[in-house]
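Shown next, in structure tokens, is the structure this report addresses.
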Amino acid sequence: MAFKVVVSDKEETHQIEVDSNERQIIGLAIGDELNGDLVGLEGYTLKITGGSDKNGFPMKKDIKGPRRIKSLLTGGVGYKPKAAGVKRRKTLRGNTISEDIVQINTIVVKAGKKSVDAILNPEPETESDTEATAEE
């Protein structure tokens, strides 16, 4: 199984698929910083802001460890009440990344030399560019 790392950089959001054999990601928690080289972004530093597990349950910063619990919520991550004062018991995942996590949400803390879009979607050389270099 692979992780889907969602990288948000201001208004742009990019999704990167990372092999779950990357053991350096497992064990990190929400709020920890991640080296961008692990996900293919050289020179970038990413901060983990959340995620969800294989069943779609969201990660919550207040819950320690990789466990899944049922918690009584009045609002916030995992529950948006329709009226004021309504509480509901919802299942949430802890703040630590484990094998069960499928999606990891991150934001860019430190940018590299190239833009994220340029790294993930390199522009292929056109025929005129290759012909011009061959003639020289």
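Ordered as shown in the structure tokens, chains take letters A, B, and onward, while each chain numbers its residues from 1 and ligands are numbered from 1 in the order shown.
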For this session: Mind checking which residues fall within 10 Å of Glu12 in chain A, counting only C-alpha atoms, ignoring those fewer than 5 positions away in the same chain, and posting them as a list in words?
Result: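 Everything that qualifies: Val7, Val116 and Asp117 of chain A.
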For this session: Based on DSSP run over this structure's backbone, return all residues of chain A in strand (DSSP E or B), as an NGL selection string.
Result: :A and (2-9 or 12-19 or 29 or 33-35 or 45-53 or 58-59 or 68-73 or 88-93 or 96 or 101-110)
For this session: List the neighbours of Ile25 in chain A out to 10 Å using only C-alpha atoms; skip same-chain residues closer than 3 positions along the sequence, and give me the result as number ranges by chain.
Result: A: 3, 18, 20-22, 28-29, 34-35, 38-39, 96-99, 104
Export C-alpha atoms of the chosen residues as a JSON list (two decimals), in the first residue's frame?
[["chain", "number", "residue", "atom", "x", "y", "z"],
["A", 3, "PHE", "CA", 0.75, 6.88, 0.92],
["A", 18, "VAL", "CA", 4.87, 7.56, -2.07],
["A", 20, "SER", "CA", 4.84, 2.76, 2.04],
["A", 21, "ASN", "CA", 8.30, 1.17, 2.32],
["A", 22, "GLU", "CA", 9.50, 4.68, 3.19],
["A", 28, "LEU", "CA", 5.85, 11.02, 12.50],
["A", 29, "ALA", "CA", 2.97, 12.96, 14.06],
["A", 34, "LEU", "CA", 9.21, 16.15, 6.92],
["A", 35, "ASN", "CA", 12.14, 16.34, 4.51],
["A", 38, "LEU", "CA", 11.38, 11.56, 0.91],
["A", 39, "VAL", "CA", 8.49, 12.43, -1.42],
["A", 96, "THR", "CA", 0.78, 9.41, 14.53],
["A", 97, "ILE", "CA", 1.33, 8.02, 11.03],
["A", 98, "SER", "CA", 1.15, 4.22, 10.85],
["A", 99, "GLU", "CA", 0.69, 1.54, 8.17],
["A", 104, "ILE", "CA", -1.11, 12.60, 4.53]]
Problem set entry | For Gly112 in chain A: contacts at 8 Å, only C-alpha atoms, fewer than 4 positions along chain excluded, given as an MDAnalysis selection string | chainID A and resid 41:44
Export C-alpha atoms of the chosen residues as a compact mmCIF listing (two decimals), in the first residue's frame?
# COMPACT_ATOMS: atom_id res chain seq x y z
CA LEU A 41 10.71 17.35 -3.64
CA GLU A 42 14.38 18.32 -3.38
CA GLY A 43 15.12 21.24 -1.09
CA TYR A 44 11.60 21.38 0.36
Problem set entry | Near-Arg93 in chain A list (7 Å; only C-alpha atoms; drop same-chain fewer than 3 positions) as a list in words |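 Returned residues: Phe57, Pro58, Met59, Lys60, Pro66, Arg67, Arg68 and Ile69 of chain A.
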For this session: Give me the residues within 6 Å of range 84-90 of chain A as a list in words, counting only C-alpha atoms and dropping any in the same chain fewer than 2 places off.
Result: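 The neighbour list is Lys70, Ser71, Leu72, Leu73 and Thr74 of chain A.
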For this session: Show which residues sit within 12 Å of Lys10 in chain A, as a list in words. Count only C-alpha atoms, and ignore same-chain residues fewer than 5 positions away.
Result: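 Near neighbours after the sequence-gap exclusion: Thr106, Ile107, Val108, Val109, Ala111, Ser115 and Val116 of chain A.
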Problem set entry | Nearest to Gly31 in chain A by atom-to-atom distance, counting only C-alpha atoms, from A:Gly56, A:Pro81, A:Gly75, A:Gly51 |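 For Gly31 in chain A, the nearest of the candidates is A:Gly51.
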Problem set entry | Separation of CA of Asp32 in chain A from CA of Lys110 in chain A in Å |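 Interatomic distance here is 13.5 Å.
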Exercise. Using only C-alpha atoms, which residue out of A:Asn121, A:Asn105, A:Gln15, A:Thr91 lies closest to Ile48 in chain A?
Worked result: A:Asn105
Exercise. DSSP says alpha helix (DSSP H) for which residues of range 21-126 of chain A? Put them as a list in words?
Worked result: Val116, Asp117, Ala118, Ile119 and Leu120 of chain A
Problem set entry | Atom pair CA of Gln103 in chain A / CA of Ile16 in chain A: separation (Å) |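 We find that CA of Gln103 in chain A and CA of Ile16 in chain A lie 9.9 Å from each other.
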Seminar exercise, completed: Of A:Asp100, A:Asp53, A:Glu33, A:Glu17, the one sitting nearest Leu120 in chain A when using only C-alpha atoms is A:Glu17
Seminar exercise, completed: Using only C-alpha atoms, the residue out of A:Val102, A:Leu46, A:Ile119, A:Val77 with shortest distance to Asp19 in chain A is A:Val102
For this session: Can you work out which one of A:Gln24, A:Thr49, A:Asn95, A:Ile101 has the shortest atom-to-atom distance to Asp37 in chain A, counting only C-alpha atoms?
Result: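 For Asp37 in chain A, the nearest of the candidates is A:Gln24.
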